[in-house]
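Source file: entry-v5.txt; contents: compact mmCIF, C-alpha atoms.
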```
# COMPACT_ATOMS: atom_id res chain seq x y z
CA MET A 1 -18.52 12.78 3.53
CA PHE A 2 -17.97 10.30 6.34
CA HIS A 3 -16.00 11.13 9.49
CA CYS A 4 -14.16 9.01 12.01
CA ASP A 5 -14.89 8.77 15.71
CA SER A 6 -12.63 11.66 16.74
CA GLY A 7 -12.53 10.68 20.41
CA PHE A 8 -11.44 7.15 19.52
CA ALA A 9 -8.83 8.40 17.05
CA ARG A 10 -7.24 10.73 19.62
CA GLU A 11 -7.38 8.12 22.38
CA CYS A 12 -5.57 5.60 20.17
CA ARG A 13 -2.98 8.11 19.12
CA ARG A 14 -2.23 9.11 22.72
CA TRP A 15 -1.78 5.49 23.81
CA LEU A 16 0.48 4.74 20.86
CA HIS A 17 2.55 7.87 21.43
CA GLN A 18 3.00 6.96 25.07
CA HIS A 19 4.10 3.39 24.31
CA PRO A 20 6.53 3.59 21.34
CA GLU A 21 8.55 0.57 20.25
CA LEU A 22 11.54 0.20 17.95
CA SER A 23 11.56 -1.57 14.59
CA ASN A 24 10.72 -5.28 14.79
CA GLN A 25 10.09 -4.90 18.52
CA GLU A 26 6.54 -3.53 18.22
CA TYR A 27 4.96 -6.37 20.26
CA ASN A 28 2.69 -4.27 22.48
CA THR A 29 1.80 -2.06 19.52
CA ALA A 30 0.77 -5.11 17.51
CA LYS A 31 -1.23 -6.44 20.47
CA PHE A 32 -3.04 -3.10 20.76
CA ILE A 33 -3.85 -3.05 17.03
CA ARG A 34 -5.14 -6.62 17.01
CA GLU A 35 -7.30 -6.06 20.09
CA LYS A 36 -8.99 -3.15 18.32
CA LEU A 37 -9.49 -5.17 15.13
CA ASN A 38 -11.08 -7.94 17.19
CA GLU A 39 -13.43 -5.39 18.74
CA PHE A 40 -14.45 -4.26 15.25
CA GLY A 41 -14.98 -7.83 14.03
CA ILE A 42 -12.27 -7.49 11.39
CA GLU A 43 -10.37 -10.58 10.21
CA TYR A 44 -6.58 -10.32 10.22
CA GLN A 45 -3.39 -12.32 9.97
CA GLU A 46 -0.04 -11.82 11.60
CA VAL A 47 2.92 -10.95 9.40
CA GLU A 48 6.33 -11.75 10.92
CA LYS A 49 5.24 -11.36 14.56
CA THR A 50 4.57 -7.61 14.70
CA GLY A 51 2.98 -6.84 11.32
CA THR A 52 -0.77 -7.14 10.79
CA PHE A 53 -2.72 -7.60 7.56
CA ALA A 54 -6.52 -7.26 7.74
CA ARG A 55 -9.51 -7.39 5.38
CA ILE A 56 -12.88 -5.68 5.42
CA LYS A 57 -15.24 -7.12 2.83
CA GLY A 58 -18.20 -5.09 1.62
CA HIS A 59 -21.66 -6.51 1.08
CA ARG A 60 -20.68 -7.75 -2.39
CA ASP A 61 -17.58 -8.42 -4.42
CA ASN A 62 -17.40 -5.91 -7.26
CA GLY A 63 -13.85 -6.88 -8.19
CA ARG A 64 -12.33 -3.78 -6.59
CA THR A 65 -9.79 -3.80 -3.77
CA ILE A 66 -7.96 -0.93 -2.10
CA LEU A 67 -5.02 -1.20 0.29
CA LEU A 68 -4.54 1.27 3.15
CA ARG A 69 -1.18 1.23 4.91
CA ALA A 70 0.24 2.63 8.17
CA ASP A 71 3.71 2.19 9.66
CA ILE A 72 3.90 1.41 13.38
CA ASP A 73 7.52 1.65 14.62
CA ALA A 74 9.25 4.41 16.57
CA LEU A 75 12.78 5.84 16.77
CA PRO A 76 15.67 5.62 19.29
CA ILE A 77 15.19 9.19 20.52
CA GLU A 78 14.68 10.52 24.06
CA GLU A 79 11.50 12.59 23.97
CA GLN A 80 11.75 16.23 25.11
CA THR A 81 8.16 17.47 24.94
CA ASP A 82 5.76 18.49 27.68
CA LEU A 83 2.93 16.31 26.39
CA PRO A 84 0.85 14.66 29.14
CA TYR A 85 1.07 11.46 27.13
CA LYS A 86 4.81 11.60 26.38
CA SER A 87 6.77 8.39 25.93
CA VAL A 88 7.13 6.16 28.98
CA ASN A 89 9.80 4.08 27.24
CA PRO A 90 13.26 5.61 27.88
CA GLY A 91 15.14 6.48 24.72
CA VAL A 92 12.25 5.63 22.39
CA MET A 93 9.85 8.11 20.78
CA HIS A 94 7.34 8.41 17.97
CA ALA A 95 9.29 11.22 16.37
CA CYS A 96 8.17 10.47 12.81
CA GLY A 97 4.41 10.45 13.30
CA HIS A 98 3.84 6.72 13.05
CA ASP A 99 1.58 6.96 16.10
CA VAL A 100 -0.64 9.32 14.09
CA HIS A 101 -0.55 7.05 11.04
CA THR A 102 -1.50 3.95 13.03
CA ALA A 103 -4.25 5.65 15.03
CA ALA A 104 -5.70 7.13 11.83
CA LEU A 105 -5.87 3.74 10.16
CA LEU A 106 -7.44 2.16 13.24
CA ALA A 107 -10.07 4.91 13.32
CA ALA A 108 -10.69 4.38 9.61
CA ALA A 109 -10.97 0.62 10.16
CA LYS A 110 -13.59 1.18 12.85
CA LYS A 111 -15.73 3.34 10.56
CA LEU A 112 -15.30 1.11 7.50
CA ALA A 113 -16.30 -1.94 9.54
CA GLU A 114 -19.46 -0.09 10.55
CA LEU A 115 -20.17 0.77 6.91
CA LYS A 116 -19.34 -2.58 5.29
CA GLY A 117 -23.01 -3.22 4.55
CA SER A 118 -23.14 -0.12 2.36
CA PHE A 119 -20.20 -0.66 -0.01
CA ALA A 120 -18.97 -3.33 -2.38
CA GLY A 121 -15.43 -4.55 -2.79
CA THR A 122 -12.64 -5.11 -0.29
CA VAL A 123 -10.47 -2.90 1.91
CA LEU A 124 -7.06 -4.26 2.89
CA LEU A 125 -5.42 -2.82 6.01
CA VAL A 126 -1.66 -2.98 6.49
CA PHE A 127 -0.10 -2.16 9.86
CA GLN A 128 3.54 -2.43 8.89
CA GLN A 129 6.49 -2.83 11.18
CA ALA A 130 10.09 -1.66 10.68
CA GLU A 131 9.60 1.23 8.26
CA GLU A 132 12.48 3.08 9.91
CA MET A 133 14.75 0.18 8.97
CA GLY A 134 13.45 0.29 5.42
CA HIS A 135 12.52 -3.36 5.43
CA GLY A 136 9.04 -3.76 6.86
CA SER A 137 7.24 -3.98 3.53
CA GLN A 138 9.34 -6.97 2.48
CA TYR A 139 7.59 -9.17 5.06
CA PHE A 140 4.25 -8.51 3.38
CA ARG A 141 5.73 -9.04 -0.09
CA GLU A 142 7.28 -12.35 0.96
CA GLN A 143 3.83 -13.59 1.98
CA GLY A 144 2.36 -12.59 -1.38
CA LEU A 145 0.22 -9.78 0.03
CA LEU A 146 1.34 -6.93 -2.23
CA ASN A 147 -0.20 -7.83 -5.57
CA ASN A 148 -3.94 -8.46 -5.34
CA TYR A 149 -5.33 -4.93 -5.10
CA ASP A 150 -6.18 -2.07 -7.45
CA ARG A 151 -5.20 1.01 -5.44
CA ALA A 152 -2.93 1.81 -2.50
CA PHE A 153 -3.18 4.82 -0.22
CA GLY A 154 -1.10 6.06 2.68
CA VAL A 155 -0.56 9.17 4.76
CA HIS A 156 2.42 10.80 6.44
CA ILE A 157 2.46 13.73 8.80
CA ALA A 158 4.01 17.00 7.60
CA PRO A 159 5.21 19.02 10.63
CA ASP A 160 6.11 22.04 8.49
CA VAL A 161 2.59 22.29 7.01
CA PRO A 162 -0.38 23.89 8.88
CA VAL A 163 -2.85 21.50 10.47
CA GLY A 164 -6.01 21.18 8.40
CA THR A 165 -4.13 21.16 5.11
CA VAL A 166 -2.83 18.38 2.87
CA VAL A 167 0.00 18.30 0.33
CA PHE A 168 0.48 15.83 -2.52
CA SER A 169 3.56 15.53 -4.69
CA ARG A 170 2.55 15.73 -8.32
CA LYS A 171 4.63 12.68 -9.22
CA GLU A 172 7.95 11.91 -7.47
CA ASP A 173 7.44 12.03 -3.72
CA ALA A 174 10.46 10.35 -2.13
CA ALA A 175 13.76 9.02 -3.37
CA SER A 176 14.96 5.45 -3.36
CA CYS A 177 17.47 4.43 -0.72
CA ASP A 178 20.09 1.79 -1.41
CA PHE A 179 22.76 0.92 1.13
CA PHE A 180 26.13 -0.32 -0.09
CA ARG A 181 29.08 -1.92 1.67
CA ILE A 182 32.53 -2.38 0.14
CA ASN A 183 35.11 -4.63 1.79
CA LEU A 184 38.66 -4.26 0.50
CA THR A 185 41.23 -6.94 1.31
CA GLY A 186 44.94 -6.36 0.89
CA ARG A 187 48.19 -7.47 2.59
CA LYS A 188 50.08 -6.12 5.60
CA ALA A 189 53.62 -4.77 5.36
CA HIS A 190 55.79 -2.19 7.08
CA THR A 191 54.99 1.33 5.83
CA SER A 192 58.72 1.79 5.10
CA LYS A 193 58.37 -0.96 2.48
CA PRO A 194 54.87 -0.43 1.05
CA HIS A 195 55.73 -2.31 -2.14
CA LEU A 196 55.70 -5.54 -0.14
CA GLY A 197 52.10 -5.01 0.90
CA ARG A 198 48.74 -4.35 -0.72
CA ASP A 199 47.39 -1.10 0.68
CA ALA A 200 43.65 -1.39 1.27
CA LEU A 201 43.55 2.00 2.99
CA GLN A 202 44.96 3.85 0.00
CA ALA A 203 42.65 2.01 -2.38
CA GLY A 204 39.72 2.84 -0.12
CA ALA A 205 40.62 6.52 0.06
CA VAL A 206 40.70 6.78 -3.72
CA LEU A 207 37.45 4.86 -4.00
CA VAL A 208 35.69 7.10 -1.49
CA GLY A 209 36.71 10.14 -3.51
CA GLU A 210 35.55 8.67 -6.80
CA ILE A 211 32.18 7.50 -5.47
CA SER A 212 31.57 10.96 -3.97
CA LYS A 213 31.94 12.50 -7.44
CA LEU A 214 29.40 10.22 -9.12
CA SER A 215 26.39 12.49 -8.72
CA GLY A 216 28.01 15.14 -10.89
CA ARG A 217 29.65 12.87 -13.46
CA LEU A 218 27.37 9.93 -14.13
CA LEU A 219 24.05 11.75 -14.49
CA PRO A 220 22.99 15.11 -15.98
CA SER A 221 23.51 18.07 -13.64
CA ASP A 222 19.76 18.65 -13.36
CA GLU A 223 19.05 15.02 -12.39
CA PRO A 224 18.32 14.80 -8.64
CA VAL A 225 20.73 12.35 -7.03
CA ASN A 226 22.34 11.97 -3.63
CA VAL A 227 25.38 9.83 -2.89
CA GLY A 228 26.67 9.76 0.66
CA ILE A 229 29.41 7.83 2.46
CA GLY A 230 29.15 7.62 6.23
CA VAL A 231 31.72 4.95 7.12
CA PHE A 232 35.37 4.50 6.11
CA LYS A 233 37.46 2.32 8.39
CA ALA A 234 41.01 1.10 7.75
CA GLY A 235 44.31 0.54 9.48
CA THR A 236 45.55 -0.60 12.90
CA SER A 237 48.80 1.32 13.38
CA TYR A 238 50.70 4.27 11.90
CA ASN A 239 53.48 2.03 10.60
CA ILE A 240 51.50 -0.88 9.14
CA VAL A 241 50.15 -1.04 5.62
CA ALA A 242 46.41 -1.70 6.09
CA ASP A 243 45.30 -5.09 4.85
CA SER A 244 41.58 -4.27 5.01
CA ALA A 245 39.19 -1.38 4.60
CA LEU A 246 35.45 -0.94 4.96
CA ILE A 247 33.30 1.62 3.16
CA GLU A 248 29.56 2.06 3.81
CA GLY A 249 27.18 4.54 2.25
CA SER A 250 23.94 5.05 0.39
CA PHE A 251 22.63 6.51 -2.83
CA ARG A 252 19.22 8.02 -3.49
CA VAL A 253 17.52 8.76 -6.82
CA PHE A 254 14.03 9.17 -8.26
CA SER A 255 14.03 6.55 -11.00
CA GLU A 256 14.77 2.85 -11.33
CA GLU A 257 16.95 3.56 -14.36
CA ASN A 258 19.30 5.87 -12.45
CA ARG A 259 19.24 3.50 -9.51
CA GLU A 260 20.65 0.72 -11.67
CA LYS A 261 23.21 3.06 -13.26
CA LEU A 262 24.61 4.05 -9.86
CA LYS A 263 24.70 0.49 -8.61
CA ALA A 264 26.61 -0.67 -11.69
CA LYS A 265 29.05 2.26 -11.57
CA ILE A 266 29.90 1.76 -7.89
CA HIS A 267 30.64 -1.88 -8.60
CA GLU A 268 32.77 -0.94 -11.61
CA LEU A 269 34.76 1.65 -9.66
CA ALA A 270 35.41 -0.77 -6.81
CA GLU A 271 36.73 -3.47 -9.13
CA ASN A 272 38.88 -1.11 -11.21
CA ILE A 273 40.48 0.69 -8.28
CA ALA A 274 41.03 -2.59 -6.46
CA ALA A 275 42.85 -3.90 -9.53
CA VAL A 276 45.13 -0.86 -9.65
CA TYR A 277 46.17 -1.30 -6.01
CA GLY A 278 46.31 -5.07 -6.09
CA VAL A 279 43.59 -5.63 -3.52
CA GLN A 280 40.32 -7.57 -3.60
CA ALA A 281 36.93 -5.82 -3.53
CA ALA A 282 33.61 -7.29 -2.41
CA VAL A 283 30.54 -5.10 -2.96
CA THR A 284 27.14 -5.81 -1.41
CA TYR A 285 23.89 -3.87 -1.64
CA ASP A 286 20.77 -3.69 0.46
CA CYS A 287 17.64 -2.05 -0.91
CA ASN A 288 15.82 -0.04 1.74
CA ALA A 289 13.18 1.52 -0.49
CA SER A 290 12.32 2.08 -4.13
CA PRO A 291 11.51 5.55 -5.51
CA LEU A 292 8.06 6.62 -4.32
CA ILE A 293 6.17 7.80 -7.40
CA ASN A 294 2.53 8.89 -7.19
CA ASP A 295 0.17 7.66 -9.87
CA GLU A 296 -1.44 10.64 -11.60
CA GLN A 297 -5.01 9.32 -11.52
CA ALA A 298 -4.76 8.11 -7.92
CA ARG A 299 -3.29 11.44 -6.86
CA GLU A 300 -6.17 13.38 -8.39
CA GLU A 301 -8.74 11.02 -6.86
CA ALA A 302 -7.27 11.56 -3.41
CA ALA A 303 -6.86 15.31 -3.94
CA GLN A 304 -10.55 15.61 -4.81
CA ILE A 305 -11.46 13.84 -1.58
CA ALA A 306 -9.17 16.14 0.39
CA ARG A 307 -10.71 19.22 -1.23
CA LYS A 308 -14.21 18.03 -0.33
CA LEU A 309 -13.14 17.38 3.25
CA LEU A 310 -11.05 20.48 3.88
CA GLY A 311 -11.74 23.05 1.15
CA GLU A 312 -10.11 23.93 -2.15
CA ASP A 313 -7.53 26.23 -0.57
CA LYS A 314 -6.39 23.59 1.90
CA VAL A 315 -4.97 21.19 -0.68
CA THR A 316 -1.66 21.74 -2.49
CA ILE A 317 -0.07 19.85 -5.35
CA SER A 318 3.69 20.20 -5.04
CA GLU A 319 5.82 20.18 -8.16
CA ALA A 320 8.85 19.15 -6.09
CA PRO A 321 9.04 15.88 -4.14
CA VAL A 322 7.60 16.59 -0.67
CA PHE A 323 9.93 14.08 0.98
CA GLY A 324 12.92 15.08 -1.11
CA PHE A 325 15.81 12.65 -0.72
CA ALA A 326 14.23 10.97 2.29
CA ALA A 327 12.89 7.48 1.61
CA ASP A 328 9.74 5.62 2.65
CA ASP A 329 8.94 2.02 1.84
CA PHE A 330 5.31 2.82 1.11
CA ALA A 331 6.96 2.94 -2.32
CA GLU A 332 6.89 -0.86 -2.40
CA TYR A 333 3.08 -0.90 -2.22
CA ILE A 334 2.73 1.29 -5.31
CA LYS A 335 5.64 -0.09 -7.30
CA ASP A 336 3.35 -2.22 -9.44
CA VAL A 337 -0.10 -0.84 -8.48
CA PRO A 338 -1.46 2.73 -8.84
CA GLY A 339 -1.30 4.58 -5.53
CA VAL A 340 -0.70 7.87 -3.79
CA TYR A 341 0.83 9.27 -0.60
CA ALA A 342 -0.78 12.19 1.23
CA HIS A 343 1.14 14.54 3.53
CA VAL A 344 -1.13 15.74 6.34
CA GLY A 345 -0.23 19.01 8.02
CA THR A 346 0.39 18.94 11.78
CA ALA A 347 1.81 22.41 12.53
CA ARG A 348 -0.15 24.73 14.81
CA GLU A 349 0.47 28.47 14.79
CA GLY A 350 2.19 29.59 17.97
CA SER A 351 3.28 26.09 18.93
CA ASP A 352 6.89 25.47 19.92
CA SER A 353 6.75 21.95 18.49
CA ALA A 354 9.58 21.13 16.14
CA ARG A 355 8.79 21.58 12.46
CA VAL A 356 10.99 18.71 11.34
CA LEU A 357 10.62 14.95 11.49
CA HIS A 358 12.86 12.87 13.78
CA SER A 359 13.07 15.66 16.36
CA GLU A 360 12.88 15.02 20.10
CA LYS A 361 10.45 17.97 20.32
CA LEU A 362 7.99 16.89 17.66
CA ALA A 363 4.40 17.33 18.92
CA PRO A 364 1.87 17.14 16.06
CA ALA A 365 -1.47 18.91 16.44
CA GLU A 366 -3.93 16.28 17.65
CA GLU A 367 -6.67 16.97 15.12
CA ALA A 368 -4.33 15.82 12.33
CA VAL A 369 -5.18 12.22 13.20
CA GLU A 370 -8.82 12.92 12.35
CA VAL A 371 -7.90 14.45 9.00
CA ALA A 372 -5.76 11.43 8.18
CA ALA A 373 -8.49 8.98 9.22
CA ASP A 374 -11.14 10.79 7.17
CA LEU A 375 -8.91 10.69 4.11
CA HIS A 376 -8.56 6.92 4.48
CA ILE A 377 -12.30 6.42 4.95
CA ASN A 378 -13.56 8.55 2.10
CA TYR A 379 -10.92 7.66 -0.46
CA ALA A 380 -11.56 3.96 0.14
CA LEU A 381 -15.34 4.32 -0.09
CA ASN A 382 -15.21 6.45 -3.19
CA PHE A 383 -12.79 4.21 -5.03
CA LEU A 384 -14.82 1.12 -4.24
CA GLY A 385 -18.00 2.95 -5.19
CA GLN A 386 -16.85 3.82 -8.69
CA ASP A 387 -18.37 0.60 -10.03
CA LYS A 388 -21.60 1.76 -11.69
CA GLU A 389 -23.48 -1.43 -10.84
CA TYR A 390 -23.21 -0.70 -7.13
CA LEU A 391 -22.76 3.07 -7.06
CA SER A 392 -26.44 3.70 -6.41
CA GLU A 393 -26.30 1.53 -3.31
CA LEU A 394 -23.77 3.76 -1.57
CA ASP A 395 -24.70 6.45 0.89
CA ASP A 396 -25.78 9.63 -0.89
CA THR A 397 -23.21 11.64 1.04
CA LEU A 398 -20.34 10.00 -0.81
CA VAL A 399 -18.49 12.16 -3.30
CA LYS A 400 -18.73 10.92 -6.89
CA ILE A 401 -15.27 11.13 -8.44
```
Could you render the structure from this file as structure tokens?
Amino acid sequence: MFHCDSGFARECRRWLHQHPELSNQEYNTAKFIREKLNEFGIEYQEVEKTGTFARIKGHRDNGRTILLRADIDALPIEEQTDLPYKSVNPGVMHACGHDVHTAALLAAAKKLAELKGSFAGTVLLVFQQAEEMGHGSQYFREQGLLNNYDRAFGVHIAPDVPVGTVVFSRKEDAASCDFFRINLTGRKAHTSKPHLGRDALQAGAVLVGEISKLSGRLLPSDEPVNVGIGVFKAGTSYNIVADSALIEGSFRVFSEENREKLKAKIHELAENIAAVYGVQAAVTYDCNASPLINDEQAREEAAQIARKLLGEDKVTISEAPVFGFAADDFAEYIKDVPGVYAHVGTAREGSDSARVLHSEKLAPAEEAVEVAADLHINYALNFLGQDKEYLSELDDTLVKI
């Protein structure tokens, strides 16, 4: 098995953790990434200012290509750790592990660039912005970069899992996330004469209640689904019939079929209830992420690599989605191409670091970045080396899967 330069991996991760940047504002992060790629002699192109797409070509083209992806943005959180390399940017923190993801991929890029004379095929590297907004992957798709590869692999830290271990979801890993906004337009009147108005508030209240019941009525009771409404605004005074209302929420499911069912039903409810109350309804949707579904073969390939790296007892296949109803737009990279997401443990026994993502006290164990980097390196090399014509040319230490 091949291993990353651990000192380099930790150094990168510390710098990235100390200099977090919010979604679509990752200018210094992108500069740092591109400087390292230049040092390694790796060709890259910019994707919407802060995204970076790079290629490492092996000594021959065997028709195989693998994509490795890391997200680079941070969160609007004030860090509350005692780390010597804690965030220097007020109110911004890498509280979701994207510093680990990015450093791991940089360390993998360094090693793969050193080894490019010993493998065939192509490695694509994606340093993606704006994952926390759910939109970063769309920039790569718009430039036609998400269709010419055979495998996709990514990692995410797991702060509730011991460092040195890896967890894979057997199939469903994370739910989709679709945002919806409903604008209701009615007509003002005095509340003493409501029949002269068109009450958008009342229509909205009924609609909120009906949408909230969808998870139990539209789909079977054992079908995982989450529908949440976080915004309901209407009215300007106690004695005025509201002429407008705004509803905003999201729904999360694990299949495209159920995703479309919910979208259609929300639209139907809005139109029907609006008709009853004599108001107008305008429904808009914004897709943040598709369901993240691991490919069975890709999952087993990656699990075998993890077992070789860490030991049989350090790798778990979870029957339940590891991410649950959380969403991650790595899903877009494996929507049409086989791929897999690995959850790398970062919890250290006795540490007071938070065991949940998006916490101001999250402090992942440093060696997790090395585990993540080594997974990238060895999965890429093994997948590219599966071509029998070139397999014998690979280093003998590679695992044959």
Separating atom CA of A:Gly154 from atom CA of A:Arg355, to the nearest tenth of an Å, is a gap of 20.8 Å
Report, in Å to a single decimal, how far apart atom CA of A:Ile334 and atom CA of A:Ala306 are.
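Interatomic distance here is 19.9 Å.
Of the residues listed (A:His195, A:His358, A:Lys36, A:Arg299), A:Lys36 shows the shortest atom-to-atom separation from A:Ala108; distances use all atoms listed in the file.
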Closest to A:Leu112 among A:Ala331, A:His17, A:Lys261, A:Leu381, using all atoms listed in the file?
A:Leu381
Which neighbours of A:Ala342 fall inside 10 Å, counting all atoms listed in the file, when residues of the same chain fewer than 6 positions from it are skipped, and could you give them as a PDB file with C-alpha atoms, in the coordinates of the input?
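New file selection-v4.pdb:
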```pdb
ATOM      1  CA  PHE A 153      -3.180   4.820  -0.220  1.00  0.00           C
ATOM      2  CA  GLY A 154      -1.100   6.060   2.680  1.00  0.00           C
ATOM      3  CA  VAL A 155      -0.560   9.170   4.760  1.00  0.00           C
ATOM      4  CA  HIS A 156       2.420  10.800   6.440  1.00  0.00           C
ATOM      5  CA  ILE A 157       2.460  13.730   8.800  1.00  0.00           C
ATOM      6  CA  ALA A 158       4.010  17.000   7.600  1.00  0.00           C
ATOM      7  CA  VAL A 166      -2.830  18.380   2.870  1.00  0.00           C
ATOM      8  CA  VAL A 167       0.000  18.300   0.330  1.00  0.00           C
ATOM      9  CA  PHE A 168       0.480  15.830  -2.520  1.00  0.00           C
ATOM     10  CA  SER A 169       3.560  15.530  -4.690  1.00  0.00           C
ATOM     11  CA  ASP A 173       7.440  12.030  -3.720  1.00  0.00           C
ATOM     12  CA  ASN A 294       2.530   8.890  -7.190  1.00  0.00           C
ATOM     13  CA  ARG A 299      -3.290  11.440  -6.860  1.00  0.00           C
ATOM     14  CA  ALA A 302      -7.270  11.560  -3.410  1.00  0.00           C
ATOM     15  CA  ALA A 303      -6.860  15.310  -3.940  1.00  0.00           C
ATOM     16  CA  ALA A 306      -9.170  16.140   0.390  1.00  0.00           C
ATOM     17  CA  VAL A 322       7.600  16.590  -0.670  1.00  0.00           C
ATOM     18  CA  ALA A 372      -5.760  11.430   8.180  1.00  0.00           C
ATOM     19  CA  LEU A 375      -8.910  10.690   4.110  1.00  0.00           C
ATOM     20  CA  HIS A 376      -8.560   6.920   4.480  1.00  0.00           C
TER      21      HIS A 376
END
```
To one decimal place, how far is atom CA of A:Glu248 from atom CA of A:Leu214 in Å?
15.3 Å
Residues near A:Ile211, cut-off 12 Å, all atoms listed in the file, skip fewer than 5 positions along chain, as a VMD selection string
chain A and resid 180 182 204 to 206 216 to 218 226 to 229 247 to 251 262 to 270 273
Residues just named, written with C-alpha atoms as an mmCIF file, in the coordinates of the input:
```cif
data_model
loop_
_atom_site.group_PDB
_atom_site.id
_atom_site.type_symbol
_atom_site.label_atom_id
_atom_site.label_comp_id
_atom_site.auth_asym_id
_atom_site.auth_seq_id
_atom_site.Cartn_x
_atom_site.Cartn_y
_atom_site.Cartn_z
ATOM 1 C CA PHE A 180 26.130 -0.320 -0.090
ATOM 2 C CA ILE A 182 32.530 -2.380 0.140
ATOM 3 C CA GLY A 204 39.720 2.840 -0.120
ATOM 4 C CA ALA A 205 40.620 6.520 0.060
ATOM 5 C CA VAL A 206 40.700 6.780 -3.720
ATOM 6 C CA GLY A 216 28.010 15.140 -10.890
ATOM 7 C CA ARG A 217 29.650 12.870 -13.460
ATOM 8 C CA LEU A 218 27.370 9.930 -14.130
ATOM 9 C CA ASN A 226 22.340 11.970 -3.630
ATOM 10 C CA VAL A 227 25.380 9.830 -2.890
ATOM 11 C CA GLY A 228 26.670 9.760 0.660
ATOM 12 C CA ILE A 229 29.410 7.830 2.460
ATOM 13 C CA ILE A 247 33.300 1.620 3.160
ATOM 14 C CA GLU A 248 29.560 2.060 3.810
ATOM 15 C CA GLY A 249 27.180 4.540 2.250
ATOM 16 C CA SER A 250 23.940 5.050 0.390
ATOM 17 C CA PHE A 251 22.630 6.510 -2.830
ATOM 18 C CA LEU A 262 24.610 4.050 -9.860
ATOM 19 C CA LYS A 263 24.700 0.490 -8.610
ATOM 20 C CA ALA A 264 26.610 -0.670 -11.690
ATOM 21 C CA LYS A 265 29.050 2.260 -11.570
ATOM 22 C CA ILE A 266 29.900 1.760 -7.890
ATOM 23 C CA HIS A 267 30.640 -1.880 -8.600
ATOM 24 C CA GLU A 268 32.770 -0.940 -11.610
ATOM 25 C CA LEU A 269 34.760 1.650 -9.660
ATOM 26 C CA ALA A 270 35.410 -0.770 -6.810
ATOM 27 C CA ILE A 273 40.480 0.690 -8.280
#
```
I'd like the contact shell of A:Arg198 - 8 Å cut-off, all atoms listed in the file, skipping same-chain residues fewer than 4 positions apart - returned as an mmCIF file with C-alpha atoms, keeping the file's coordinate frame.
```cif
data_model
loop_
_atom_site.group_PDB
_atom_site.id
_atom_site.type_symbol
_atom_site.label_atom_id
_atom_site.label_comp_id
_atom_site.auth_asym_id
_atom_site.auth_seq_id
_atom_site.Cartn_x
_atom_site.Cartn_y
_atom_site.Cartn_z
ATOM 1 C CA GLY A 186 44.940 -6.360 0.890
ATOM 2 C CA ARG A 187 48.190 -7.470 2.590
ATOM 3 C CA LYS A 188 50.080 -6.120 5.600
ATOM 4 C CA ALA A 189 53.620 -4.770 5.360
ATOM 5 C CA PRO A 194 54.870 -0.430 1.050
ATOM 6 C CA VAL A 241 50.150 -1.040 5.620
ATOM 7 C CA ALA A 242 46.410 -1.700 6.090
ATOM 8 C CA ASP A 243 45.300 -5.090 4.850
ATOM 9 C CA TYR A 277 46.170 -1.300 -6.010
ATOM 10 C CA GLY A 278 46.310 -5.070 -6.090
ATOM 11 C CA VAL A 279 43.590 -5.630 -3.520
#
```
Distance query A:Ile42 at most 7 Å, all atoms listed in the file, self and fewer than 2 positions along chain excluded, as a PyMOL selection string
chain A and resi 37-38+40+44+54-56
The residue from A:Leu362, A:Asp374, A:Asp329, A:Gly311 with the smallest atom-to-atom distance to A:Glu78, counting all atoms listed in the file, is A:Leu362
With a cut-off of 9 Å, could you pull out the residues of stretch 130-201 of chain A touching stretch 60-77 of chain A and give me the nearest pair of atoms for each, distance in Å to one decimal, using all atoms listed in the file, ordered by chain and ascending number, as a Markdown table?
```
| residue | atom | partner | partner_atom | distance |
| --- | --- | --- | --- | --- |
| A:Ala130 | CA | A:Asp73 | CA | 5.8 |
| A:Glu131 | CA | A:Asp71 | CA | 6.1 |
| A:Glu132 | CA | A:Asp73 | CA | 7.0 |
| A:Gly136 | CA | A:Asp71 | CA | 8.5 |
| A:Leu146 | CA | A:Leu67 | CA | 8.9 |
| A:Asn148 | CA | A:Thr65 | CA | 7.6 |
| A:Tyr149 | CA | A:Thr65 | CA | 4.8 |
| A:Asp150 | CA | A:Thr65 | CA | 5.4 |
| A:Arg151 | CA | A:Ile66 | CA | 4.7 |
| A:Ala152 | CA | A:Leu67 | CA | 4.6 |
| A:Phe153 | CA | A:Leu68 | CA | 5.1 |
| A:Gly154 | CA | A:Arg69 | CA | 5.3 |
| A:Val155 | CA | A:Ala70 | CA | 7.4 |
| A:His156 | CA | A:Ala70 | CA | 8.6 |
```
Could you give me the centre and size, in Å to one decimal, of an axis-aligned box around all listed atoms of stretch 21-27 of chain A with 3 Å added on every side, as lines of an AutoDock Vina configuration file?
```
center_x = 8.3
center_y = -2.9
center_z = 17.4
size_x = 12.6
size_y = 12.9
size_z = 11.7
```
With all atoms listed in the file as the atoms that count, which of A:Val126, A:Val231, A:Val337, A:Cys12 lies nearest to A:Val208?
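Of A:Val126, A:Val231, A:Val337, A:Cys12, the one nearest A:Val208 is A:Val231, counting all atoms listed in the file.
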Could you please give me, as an MDAnalysis selection string, the residues of protein, DNA or RNA lying at most 8 Å from (2.0, 9.4, -10.2) in the coordinate frame of the file, considering all atoms listed in the file?
chainID A and resid 170:172 293:299 338:340
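Contact shell of A:Asp160 at 10 Å (all atoms listed in the file; same-chain neighbours under 3 positions omitted): A:Ile157, A:Val163, A:Val344, A:Gly345, A:Thr346, A:Ala347, A:Arg348, A:Ala354, A:Arg355, A:Val356, A:Leu357, A:Pro364.
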Show me the residues close to (48.1, -2.0, 7.8) - anything with an atom within 12 Å, counting all atoms listed in the file - and format the list as a ChimeraX atom specification.
/A:185-194,196-202,233-245
